[in-house]
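Peer 1: So here's my_file-v3.cif (mmCIF, C-alpha atoms).
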data_start
#
loop_
_atom_site.label_atom_id
_atom_site.label_comp_id
_atom_site.auth_asym_id
_atom_site.auth_seq_id
_atom_site.Cartn_x
_atom_site.Cartn_y
_atom_site.Cartn_z
CA MET A 778 25.38 -0.08 45.92
CA PRO A 779 23.69 -3.48 46.42
CA GLU A 780 22.77 -4.35 50.00
CA GLY A 781 24.95 -7.45 49.95
CA ALA A 782 27.98 -5.47 48.78
CA ARG A 783 27.41 -2.82 51.43
CA LYS A 784 27.25 -5.40 54.22
CA ALA A 785 30.37 -7.15 52.90
CA LEU A 786 32.30 -3.89 52.89
CA ILE A 787 31.17 -3.11 56.44
CA GLY A 788 32.33 -6.58 57.50
CA ALA A 789 35.69 -6.02 55.80
CA GLY A 790 36.04 -2.73 57.66
CA VAL A 791 35.37 -4.46 60.98
CA LEU A 792 38.04 -7.06 60.21
CA VAL A 793 40.53 -4.31 59.28
CA VAL A 794 39.98 -2.73 62.70
CA MET A 795 40.47 -6.15 64.32
CA LEU A 796 43.65 -6.68 62.31
CA ILE A 797 45.11 -3.36 63.45
CA ALA A 798 44.08 -4.04 67.06
CA THR A 799 45.68 -7.50 66.94
CA TRP A 800 48.97 -6.11 65.63
CA TYR A 801 49.05 -3.31 68.20
CA ALA A 802 48.24 -5.63 71.10
CA ALA A 803 50.81 -8.22 70.04
CA PHE A 804 53.68 -5.74 69.80
CA HIS A 805 52.83 -2.80 72.05
CA ILE A 806 50.81 -4.07 75.03
CA GLY A 807 52.88 -5.99 77.55
CA VAL A 808 50.19 -8.31 78.86
CA PHE A 809 49.33 -9.48 75.34
CA GLU A 810 52.99 -9.92 74.41
CA HIS A 811 53.42 -12.12 77.48
CA ALA A 812 50.27 -14.07 76.66
CA ASP A 813 51.53 -14.59 73.09
CA ARG A 814 54.73 -16.21 74.40
CA SER A 815 52.87 -18.27 77.00
CA ILE A 816 50.43 -19.65 74.44
CA LEU A 817 53.29 -20.53 72.10
CA GLN A 818 55.15 -22.33 74.88
CA GLY A 819 52.03 -24.37 75.54
CA PHE A 820 51.85 -25.45 71.91
CA VAL A 821 55.56 -26.25 71.73
CA GLY A 822 55.25 -28.32 74.90
CA LEU A 823 52.92 -30.67 73.04
CA GLY A 824 55.75 -31.46 70.65
CA HIS A 825 57.51 -33.42 73.39
CA HIS A 826 55.23 -36.34 72.54
CA PRO A 827 57.13 -38.60 70.11
CA HIS A 828 54.34 -38.69 67.51
CA VAL A 829 53.16 -35.09 67.64
CA GLY A 830 56.15 -33.42 65.97
CA GLY A 831 56.10 -35.59 62.87
CA LEU A 832 52.34 -35.27 62.43
CA ALA A 833 52.50 -31.51 62.97
CA ASN A 834 55.19 -31.14 60.32
CA ARG A 835 53.17 -33.13 57.75
CA ILE A 836 50.04 -31.06 58.35
CA ALA A 837 51.81 -27.68 58.43
CA THR A 838 53.62 -28.30 55.15
CA LEU A 839 50.30 -28.79 53.33
CA CYS A 840 50.39 -25.01 52.90
CA ASP A 841 53.93 -24.89 51.55
CA PRO A 842 54.01 -23.35 48.04
CA LYS A 843 54.21 -26.54 45.96
CA PRO A 844 51.23 -28.49 47.38
CA TYR A 845 49.29 -25.28 47.98
CA VAL A 846 49.20 -24.39 44.27
CA TYR A 847 47.40 -27.64 43.54
CA PHE A 848 44.92 -27.12 46.38
CA CYS A 849 44.15 -23.63 45.06
CA ALA A 850 43.07 -25.09 41.74
CA ILE A 851 40.16 -26.90 43.43
CA PRO A 852 37.84 -23.92 44.17
CA VAL A 853 38.68 -22.30 40.82
CA VAL A 854 37.80 -25.48 38.90
CA VAL A 855 34.61 -25.94 40.93
CA ALA A 856 33.45 -22.38 40.25
CA VAL A 857 34.18 -22.67 36.53
CA ALA A 858 32.45 -26.06 36.34
CA ARG A 859 29.38 -24.50 37.95
CA ARG A 860 29.55 -21.67 35.37
CA ARG A 861 30.09 -19.09 38.08
CA LEU A 862 32.77 -17.08 36.28
CA TRP A 863 32.57 -14.03 38.56
CA VAL A 864 32.94 -16.33 41.54
CA ALA A 865 35.96 -17.98 39.90
CA LEU A 866 37.55 -14.55 39.48
CA ALA A 867 36.73 -13.72 43.10
CA VAL A 868 38.39 -16.95 44.25
CA VAL A 869 41.56 -16.10 42.33
CA ALA A 870 41.51 -12.58 43.82
CA ILE A 871 41.17 -13.96 47.35
CA LEU A 872 43.97 -16.49 46.99
CA LEU A 873 46.38 -14.07 45.34
CA GLY A 874 45.40 -10.91 47.20
CA ALA A 875 45.46 -12.36 50.70
CA ASN A 876 48.75 -14.18 50.32
CA VAL A 877 50.52 -11.30 48.56
CA THR A 878 49.25 -8.87 51.20
CA THR A 879 50.67 -11.01 53.99
CA GLN A 880 54.05 -11.27 52.28
CA LEU A 881 54.12 -7.47 51.92
CA LEU A 882 53.12 -6.88 55.55
CA LYS A 883 55.79 -9.17 56.97
CA PRO A 884 58.82 -6.92 56.25
CA LEU A 885 56.77 -3.74 56.58
CA LEU A 886 55.67 -4.61 60.14
CA ALA A 887 58.79 -6.51 61.19
CA HIS A 888 59.34 -6.20 64.92
CA PRO A 889 62.04 -7.78 67.12
CA ARG A 890 60.82 -10.51 69.42
CA PRO A 891 62.48 -12.33 72.33
CA ASP A 892 65.41 -14.47 71.16
CA ALA A 893 64.09 -17.48 73.00
CA ILE A 894 64.50 -21.18 72.49
CA PHE A 895 61.50 -23.45 72.96
CA ALA A 896 62.34 -27.14 73.37
CA GLY A 897 65.36 -26.80 71.08
CA LEU A 898 63.46 -24.76 68.48
CA THR A 899 64.41 -21.20 67.55
CA ALA A 900 61.68 -18.63 68.18
CA PRO A 901 59.97 -17.04 65.15
CA SER A 902 61.81 -14.27 63.31
CA ALA A 903 60.98 -10.57 63.41
CA GLU A 904 59.24 -10.91 60.02
CA SER A 905 56.59 -13.38 61.12
CA TRP A 906 53.43 -11.25 61.42
CA PRO A 907 51.02 -12.12 59.94
CA SER A 908 51.52 -15.83 59.33
CA GLY A 909 51.80 -16.83 55.69
CA HIS A 910 50.68 -20.39 56.40
CA ALA A 911 47.64 -19.20 58.36
CA THR A 912 46.73 -16.78 55.57
CA ALA A 913 47.13 -19.52 52.97
CA ALA A 914 45.03 -22.04 54.90
CA MET A 915 42.19 -19.65 55.72
CA SER A 916 42.05 -18.01 52.29
CA LEU A 917 41.80 -21.48 50.73
CA ALA A 918 39.05 -22.46 53.16
CA LEU A 919 37.02 -19.31 52.49
CA ALA A 920 37.55 -19.57 48.73
CA CYS A 921 36.19 -23.12 48.81
CA VAL A 922 33.11 -21.97 50.76
CA LEU A 923 32.50 -19.30 48.13
CA ALA A 924 32.84 -21.76 45.24
CA ALA A 925 30.73 -24.55 46.77
CA SER A 926 27.12 -25.25 45.83
CA ARG A 927 24.20 -24.80 48.23
CA ARG A 928 24.17 -28.46 49.21
CA TRP A 929 27.86 -28.63 50.05
CA ARG A 930 28.57 -25.16 51.40
CA PRO A 931 27.92 -25.96 55.11
CA PHE A 932 30.11 -29.07 54.92
CA VAL A 933 32.86 -27.14 53.13
CA ALA A 934 32.70 -24.42 55.80
CA ALA A 935 33.14 -26.98 58.57
CA LEU A 936 35.97 -28.85 56.82
CA GLY A 937 37.66 -25.63 55.74
CA ALA A 938 37.69 -24.25 59.27
CA ALA A 939 39.05 -27.56 60.59
CA PHE A 940 41.78 -27.52 57.94
CA ALA A 941 42.86 -23.93 58.68
CA VAL A 942 42.88 -24.50 62.44
CA ALA A 943 44.76 -27.82 62.12
CA VAL A 944 47.46 -26.23 59.96
CA SER A 945 47.80 -23.37 62.44
CA TYR A 946 47.98 -25.64 65.49
CA SER A 947 50.64 -27.69 63.70
CA PHE A 948 53.05 -24.89 62.88
CA LEU A 949 52.57 -23.38 66.34
CA THR A 950 53.66 -26.72 67.78
CA LEU A 951 56.78 -26.41 65.62
CA ALA A 952 57.38 -22.80 66.84
CA TRP A 953 57.22 -21.33 63.33
CA HIS A 954 54.99 -18.46 64.48
CA TYR A 955 53.41 -16.81 67.48
CA PRO A 956 49.65 -17.18 68.02
CA SER A 957 49.07 -13.50 67.16
CA ASP A 958 50.56 -14.27 63.73
CA VAL A 959 47.74 -16.76 63.19
CA PHE A 960 45.08 -14.20 64.09
CA GLY A 961 46.66 -11.77 61.66
CA GLY A 962 46.73 -14.32 58.85
CA PHE A 963 43.11 -15.35 59.41
CA LEU A 964 41.95 -11.72 59.40
CA VAL A 965 43.84 -10.85 56.19
CA ALA A 966 42.12 -13.79 54.48
CA GLY A 967 38.74 -12.69 55.83
CA ILE A 968 39.22 -9.11 54.62
CA TRP A 969 40.08 -10.16 51.09
CA THR A 970 37.16 -12.59 51.00
CA LEU A 971 34.64 -9.92 51.96
CA LEU A 972 36.10 -7.46 49.45
CA ALA A 973 35.76 -10.11 46.74
CA VAL A 974 32.18 -10.86 47.79
CA ALA A 975 31.34 -7.14 47.59
CA ALA A 976 32.85 -7.01 44.09
CA VAL A 977 30.76 -9.98 42.90
CA PHE A 978 27.55 -8.49 44.30
CA THR A 979 28.32 -5.19 42.59
CA ALA A 980 29.14 -6.85 39.26
CA ASN A 981 25.97 -8.94 39.34
CA ALA A 982 23.82 -5.91 40.14
CA ARG A 983 24.90 -4.39 36.82
CA ARG A 984 23.73 -7.47 34.94
CA PRO A 985 19.99 -7.90 35.52
CA GLN A 986 20.00 -11.19 33.65
CA VAL A 987 22.25 -12.77 36.30
CA ALA A 988 20.36 -14.39 39.15
CA ALA A 989 21.30 -13.39 42.67
CA SER A 990 21.76 -17.10 43.37
CA GLU A 991 25.26 -16.90 41.85
CA LEU A 992 26.36 -16.13 45.39
CA VAL A 993 23.32 -16.18 47.67
CA GLN A 994 21.58 -19.53 48.05
CA ARG A 995 18.61 -20.75 50.03
CA LEU A 996 19.55 -22.58 53.22
CA SER A 997 17.61 -23.17 56.40
CA ILE A 998 19.35 -22.46 59.69
CA ARG A 999 19.34 -26.18 60.43
CA GLU A 1000 21.01 -26.99 57.11
CA ALA A 1001 23.52 -24.19 57.54
CA LEU A 1002 24.58 -24.85 61.12
CA GLY A 1003 24.38 -28.65 61.15
CA PRO A 1004 27.89 -29.47 59.77
CA PRO A 1005 29.74 -26.70 61.68
CA SER A 1006 27.99 -27.77 64.88
CA ALA A 1007 28.98 -31.37 64.18
CA ALA A 1008 32.60 -30.28 63.65
CA LEU A 1009 32.57 -28.40 66.95
CA LEU A 1010 31.03 -31.39 68.72
CA ALA A 1011 33.68 -33.68 67.21
CA ALA A 1012 36.44 -31.40 68.52
CA VAL A 1013 34.90 -31.32 71.99
CA THR A 1014 34.47 -35.10 71.93
CA LEU A 1015 38.08 -35.64 70.91
CA ALA A 1016 39.24 -33.38 73.73
CA ALA A 1017 37.02 -35.30 76.15
CA VAL A 1018 38.49 -38.61 75.01
CA VAL A 1019 42.01 -37.31 75.66
CA VAL A 1020 40.97 -36.08 79.12
CA ILE A 1021 39.37 -39.41 79.98
CA ALA A 1022 42.39 -41.35 78.72
CA ARG A 1023 44.92 -39.31 80.73
CA PRO A 1024 43.06 -37.14 83.24
CA ALA A 1025 45.96 -36.41 85.57
CA ALA A 1026 48.41 -35.47 82.80
CA VAL A 1027 45.86 -33.30 80.99
CA ALA A 1028 44.78 -31.52 84.17
CA SER A 1029 48.38 -30.87 85.14
CA TYR A 1030 49.27 -29.51 81.69
CA ALA A 1031 46.18 -27.31 81.55
CA ARG A 1032 46.93 -25.82 84.98
CA ALA A 1033 50.51 -25.10 83.94
CA HIS A 1034 49.47 -23.62 80.59
CA GLU A 1035 46.20 -21.81 81.16
CA ALA A 1036 47.02 -19.20 78.50
CA PHE A 1037 47.56 -22.01 75.98
CA VAL A 1038 44.08 -23.42 76.63
CA LEU A 1039 42.50 -20.00 76.10
CA GLY A 1040 44.65 -19.21 73.06
CA ALA A 1041 44.00 -22.52 71.35
CA SER A 1042 40.28 -22.11 71.95
CA ALA A 1043 40.36 -18.56 70.54
CA ILE A 1044 42.15 -19.67 67.37
CA GLY A 1045 39.64 -22.46 66.86
CA ALA A 1046 36.72 -20.12 67.49
CA LEU A 1047 38.00 -17.50 65.04
CA GLY A 1048 38.59 -20.10 62.33
CA LEU A 1049 35.11 -21.55 62.71
CA ALA A 1050 33.52 -18.09 62.97
CA LEU A 1051 35.07 -16.85 59.72
CA ALA A 1052 34.11 -19.90 57.66
CA THR A 1053 30.65 -20.29 59.18
CA GLY A 1054 30.02 -16.54 59.11
CA LEU A 1055 30.75 -16.39 55.38
CA MET A 1056 28.46 -19.34 54.73
CA LEU A 1057 25.66 -17.72 56.75
CA ALA A 1058 26.15 -14.37 55.03
CA LEU A 1059 25.52 -16.07 51.67
CA ARG A 1060 22.23 -17.75 52.66
CA LYS A 1061 18.69 -16.48 52.27
#
Is it possible to give me this structure as C-alpha cells?

Peer 2:
Amino acid sequence: MPEGARKALIGAGVLVVMLIATWYAAFHIGVFEHADRSILQGFVGLGHHPHVGGLANRIATLCDPKPYVYFCAIPVVVAVARRRLWVALAVVAILLGANVTTQLLKPLLAHPRPDAIFAGLTAPSAESWPSGHATAAMSLALACVLAASRRWRPFVAALGAAFAVAVSYSFLTLAWHYPSDVFGGFLVAGIWTLLAVAAVFTANARRPQVAASELVQRLSIREALGPPSAALLAAVTLAAVVVIARPAAVASYARAHEAFVLGASAIGALGLALATGLMLALRK
C-alpha cells in the first residue's frame, strides 16, 4: 500500500473514533448535553438582532438541494478540466458518499432531545445528528481543495473553511441543529475525503506512468499557511471590530453565554483544521 494511502486511512480511522466519541458525548454524557443546549441558545440569541436572522437564512440555504447541486459541479468540472480524472471520481465519491451517509445516520441514530423553544423557534428534531447542511458544506469545501491546482489550493482551503463555518453558524442561529450535529457533519465529510484520497493514491500507484503530482503538489509552508492564516486573522479582526464598536454589550453577552463562545470557537477551529489539514497533507 502506498505511504500516502496508508496515512489517509489512518487519518480516516482517527476521524471515525472522533465521530463516535462526539455522538456518545452529545447523547449520553450529561455535561456535554447541557453544553450543547447552552451553545445553541447562545447562537439563537444572536438572531434577536433585526438583520441577523435574514442574513443567516440566506447563507444557510446555500446548502439546500437545488443550489447545492450547482455548487457541486464546480470541483468536478475543475478536476476534469485539469485532466485529473481519478480526482474527479474522488470528488464525486466524497460529495455523494458523505451526504448519503449522513442521511442514513439521521434515522439510525435518532435520539429524543428536549422539546424546547428558543426565541420562538422549535428545537431540532430527534433525527438531526449529524447535520446534513454541515456535511454538505464541508464535503464541498474539501472536494474543492482536492480539485484545486497547487497555486490555488491554499486559498481554496481558507475560503472553503470559511464557507462551511459560515453556513453552520447560520443554521445554528436559526435553531435548525445542535452544535454537536455540526461536528458530526464535518467529521463525516472528513472521513469520506480521506477514504477518497487513499483510493486515488492506491489507483495511481498501479499506474507507473501517472505522476504523483496528480494529488501531491510542491508547496512551501509559507505558501500553504499564508491564506488560512489570513482568514483566521480576518475573523479575529472582525471580532475585534465588533468588540470595539459595542464593548459593553459584547462583554455582557459573552459572560452570559460562555459555552457559546467556546463552542463557536471550536466549530471554527475544526472547520479550518479539516480544510487546512487536507491541503497540508497533499503538499511535498

Peer 1: Rounded to one decimal, what separation in Å do you get between CA of Ser916 (chain A) and CA of Ser947 (chain A)?

Peer 2: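 So the two atoms, CA of Ser916 (chain A) and CA of Ser947 (chain A), lie 17.3 Å apart.
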
Peer 1: When you count only C-alpha atoms, which of these residues is closest to Thr878 (chain A): A:Phe848, A:Phe804, A:Trp969, A:Tyr955?

Peer 2: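 Closest residue, counting only C-alpha atoms: A:Trp969.
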
Peer 1: Which value, in Å to one decimal, gives the distance between CA of Gly781 (chain A) and CA of Phe978 (chain A)?

Peer 2: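 Computing the Euclidean distance for CA of Gly781 (chain A) and CA of Phe978 (chain A) yields 6.3 Å.
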
Peer 1: Excluding Trp906 (chain A) and its own-chain neighbours fewer than 6 positions away, which residues fall within 9 Å of it when counting all atoms listed in the file? Please give them as a PyMOL selection string.

Peer 2: chain A and resi 800+879+882-884+886-888+954-955+957-959+961-962

Peer 1: To one decimal place, how far is CA of Ala837 (chain A) from CA of Val793 (chain A) in Å?

Peer 2: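 Taking CA of Ala837 (chain A) and CA of Val793 (chain A), their separation equals 26.0 Å.
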
Peer 1: Within 12 Å of Leu1009 (chain A), counting all atoms listed in the file, which residues qualify if same-chain residues fewer than 3 places away don't, as a list in words?

Peer 2: Ala934, Ala935, Leu936, Ala938, Ala939, Val942, Leu1002, Gly1003, Pro1004, Pro1005, Ser1006, Ala1012, Val1013, Thr1014, Leu1015, Ala1016, Ser1042, Gly1045, Ala1046, Gly1048, Leu1049, Ala1050 and Thr1053 of chain A

Peer 1: Measuring between only C-alpha atoms, which one of A:Ala914, A:Ala943, A:Ala833, A:Ala856 shows the shortest distance to Val965 (chain A)?

Peer 2: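 Comparing A:Ala914, A:Ala943, A:Ala833, A:Ala856 against Val965 (chain A), the winner is A:Ala914.
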
Peer 1: Mind telling me what the PyMOL selection byres ((chain A and resi 951) around 8) catches here, as a ChimeraX atom specification?

Peer 2: /A:821,824,830,833-834,898,947-950,952-953

Peer 1: Please produce an output containing C-alpha atoms for each residue in the selection, written as a short mmCIF file (atom, residue, chain, number, x, y, z; two decimals), in the frame of the given file.

Peer 2:
data_model
loop_
_atom_site.label_atom_id
_atom_site.label_comp_id
_atom_site.auth_asym_id
_atom_site.auth_seq_id
_atom_site.Cartn_x
_atom_site.Cartn_y
_atom_site.Cartn_z
CA VAL A 821 55.56 -26.25 71.73
CA GLY A 824 55.75 -31.46 70.65
CA GLY A 830 56.15 -33.42 65.97
CA ALA A 833 52.50 -31.51 62.97
CA ASN A 834 55.19 -31.14 60.32
CA LEU A 898 63.46 -24.76 68.48
CA SER A 947 50.64 -27.69 63.70
CA PHE A 948 53.05 -24.89 62.88
CA LEU A 949 52.57 -23.38 66.34
CA THR A 950 53.66 -26.72 67.78
CA ALA A 952 57.38 -22.80 66.84
CA TRP A 953 57.22 -21.33 63.33
#

Peer 1: Translate the PyMOL selection byres ((chain A and resi 1037) around 12) into a concrete residue list for this structure, as a PyMOL selection string.

Peer 2: chain A and resi 811-823+946+949-950+955-956+1030-1036+1038-1044

Peer 1: Could you check the closest approach to His805 (chain A) for each of A:Pro889, A:Ala982, A:Glu904, A:Phe960 and tell me which residue wins, using only C-alpha atoms?

Peer 2: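 Selected residue with least distance to His805 (chain A): A:Pro889.
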
Peer 1: From the list A:Leu1059, A:Ala1025, A:Val853, A:Val791, which residue is nearest Ile998 (chain A) when using all atoms listed in the file?

Peer 2: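 Closest to Ile998 (chain A), using all atoms listed in the file: A:Leu1059.
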
Peer 1: Identify, on the basis of all atoms listed in the file, every residue whose closest approach to Gly937 (chain A) does not exceed 8 Å; exclude the query and any residue fewer than 2 positions from it along the same chain; express the result as a JSON list (two decimals) with C-alpha atoms, in the coordinates of the input.

Peer 2:
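Saved as result23.json:
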[["chain", "number", "residue", "atom", "x", "y", "z"],
["A", 915, "MET", "CA", 42.19, -19.65, 55.72],
["A", 917, "LEU", "CA", 41.80, -21.48, 50.73],
["A", 918, "ALA", "CA", 39.05, -22.46, 53.16],
["A", 919, "LEU", "CA", 37.02, -19.31, 52.49],
["A", 921, "CYS", "CA", 36.19, -23.12, 48.81],
["A", 922, "VAL", "CA", 33.11, -21.97, 50.76],
["A", 933, "VAL", "CA", 32.86, -27.14, 53.13],
["A", 934, "ALA", "CA", 32.70, -24.42, 55.80],
["A", 935, "ALA", "CA", 33.14, -26.98, 58.57],
["A", 939, "ALA", "CA", 39.05, -27.56, 60.59],
["A", 940, "PHE", "CA", 41.78, -27.52, 57.94],
["A", 941, "ALA", "CA", 42.86, -23.93, 58.68],
["A", 1052, "ALA", "CA", 34.11, -19.90, 57.66]]

Peer 1: Taking the file as shown, find all residues satisfying the PyMOL selection byres ((chain A and resi 861-873) around 6) and write them as a VMD selection string.

Peer 2: chain A and resid 853 856 to 857 859 to 860 874 to 877 916 920 969 to 970 973

Peer 1: Counting only C-alpha atoms, find residues at most 12 Å from (26.5, 1.9, 46.1) (file frame) and give them as a PyMOL selection string.

Peer 2: chain A and resi 778-786+975-976+978-980+982-983

Peer 1: Give me region 818-840 of chain A with N, CA and C atoms filled in, as a tab-separated table (two decimals), in the coordinates of the input.

Peer 2:
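For reference, rebuild.tsv as written:
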chain	number	residue	atom	x	y	z
A	818	GLN	N	54.45	-21.32	74.08
A	818	GLN	CA	55.15	-22.33	74.88
A	818	GLN	C	54.25	-23.52	75.16
A	819	GLY	N	52.97	-23.26	75.34
A	819	GLY	CA	52.03	-24.37	75.54
A	819	GLY	C	51.93	-25.26	74.32
A	820	PHE	N	51.89	-24.65	73.14
A	820	PHE	CA	51.85	-25.45	71.91
A	820	PHE	C	53.13	-26.24	71.73
A	821	VAL	N	54.28	-25.57	71.93
A	821	VAL	CA	55.56	-26.25	71.73
A	821	VAL	C	55.71	-27.41	72.71
A	822	GLY	N	55.16	-27.24	73.92
A	822	GLY	CA	55.25	-28.32	74.90
A	822	GLY	C	54.59	-29.60	74.43
A	823	LEU	N	53.58	-29.47	73.57
A	823	LEU	CA	52.92	-30.67	73.04
A	823	LEU	C	53.84	-31.47	72.13
A	824	GLY	N	54.83	-30.78	71.55
A	824	GLY	CA	55.75	-31.46	70.65
A	824	GLY	C	56.69	-32.44	71.34
A	825	HIS	N	56.68	-32.45	72.67
A	825	HIS	CA	57.51	-33.42	73.39
A	825	HIS	C	57.02	-34.85	73.17
A	826	HIS	N	55.74	-34.99	72.82
A	826	HIS	CA	55.23	-36.34	72.54
A	826	HIS	C	55.89	-36.84	71.26
A	827	PRO	N	56.36	-38.09	71.25
A	827	PRO	CA	57.13	-38.60	70.11
A	827	PRO	C	56.40	-38.57	68.77
A	828	HIS	N	55.07	-38.64	68.77
A	828	HIS	CA	54.34	-38.69	67.51
A	828	HIS	C	53.82	-37.33	67.06
A	829	VAL	N	53.79	-36.37	67.96
A	829	VAL	CA	53.16	-35.09	67.64
A	829	VAL	C	53.99	-34.28	66.64
A	830	GLY	N	55.30	-34.22	66.84
A	830	GLY	CA	56.15	-33.42	65.97
A	830	GLY	C	56.07	-33.82	64.51
A	831	GLY	N	56.16	-35.12	64.25
A	831	GLY	CA	56.10	-35.59	62.87
A	831	GLY	C	54.76	-35.31	62.22
A	832	LEU	N	53.68	-35.54	62.97
A	832	LEU	CA	52.34	-35.27	62.43
A	832	LEU	C	52.16	-33.78	62.19
A	833	ALA	N	52.62	-32.95	63.12
A	833	ALA	CA	52.50	-31.51	62.97
A	833	ALA	C	53.24	-31.02	61.72
A	834	ASN	N	54.42	-31.56	61.49
A	834	ASN	CA	55.19	-31.14	60.32
A	834	ASN	C	54.48	-31.51	59.02
A	835	ARG	N	53.88	-32.71	58.97
A	835	ARG	CA	53.17	-33.13	57.75
A	835	ARG	C	51.96	-32.25	57.48
A	836	ILE	N	51.23	-31.89	58.54
A	836	ILE	CA	50.04	-31.06	58.35
A	836	ILE	C	50.43	-29.63	57.98
A	837	ALA	N	51.41	-29.07	58.68
A	837	ALA	CA	51.81	-27.68	58.43
A	837	ALA	C	52.31	-27.48	57.01
A	838	THR	N	53.04	-28.46	56.48
A	838	THR	CA	53.62	-28.30	55.15
A	838	THR	C	52.59	-28.46	54.03
A	839	LEU	N	51.34	-28.75	54.36
A	839	LEU	CA	50.30	-28.79	53.33
A	839	LEU	C	50.12	-27.41	52.70
A	840	CYS	N	50.50	-26.37	53.43
A	840	CYS	CA	50.39	-25.01	52.90
A	840	CYS	C	51.72	-24.45	52.43
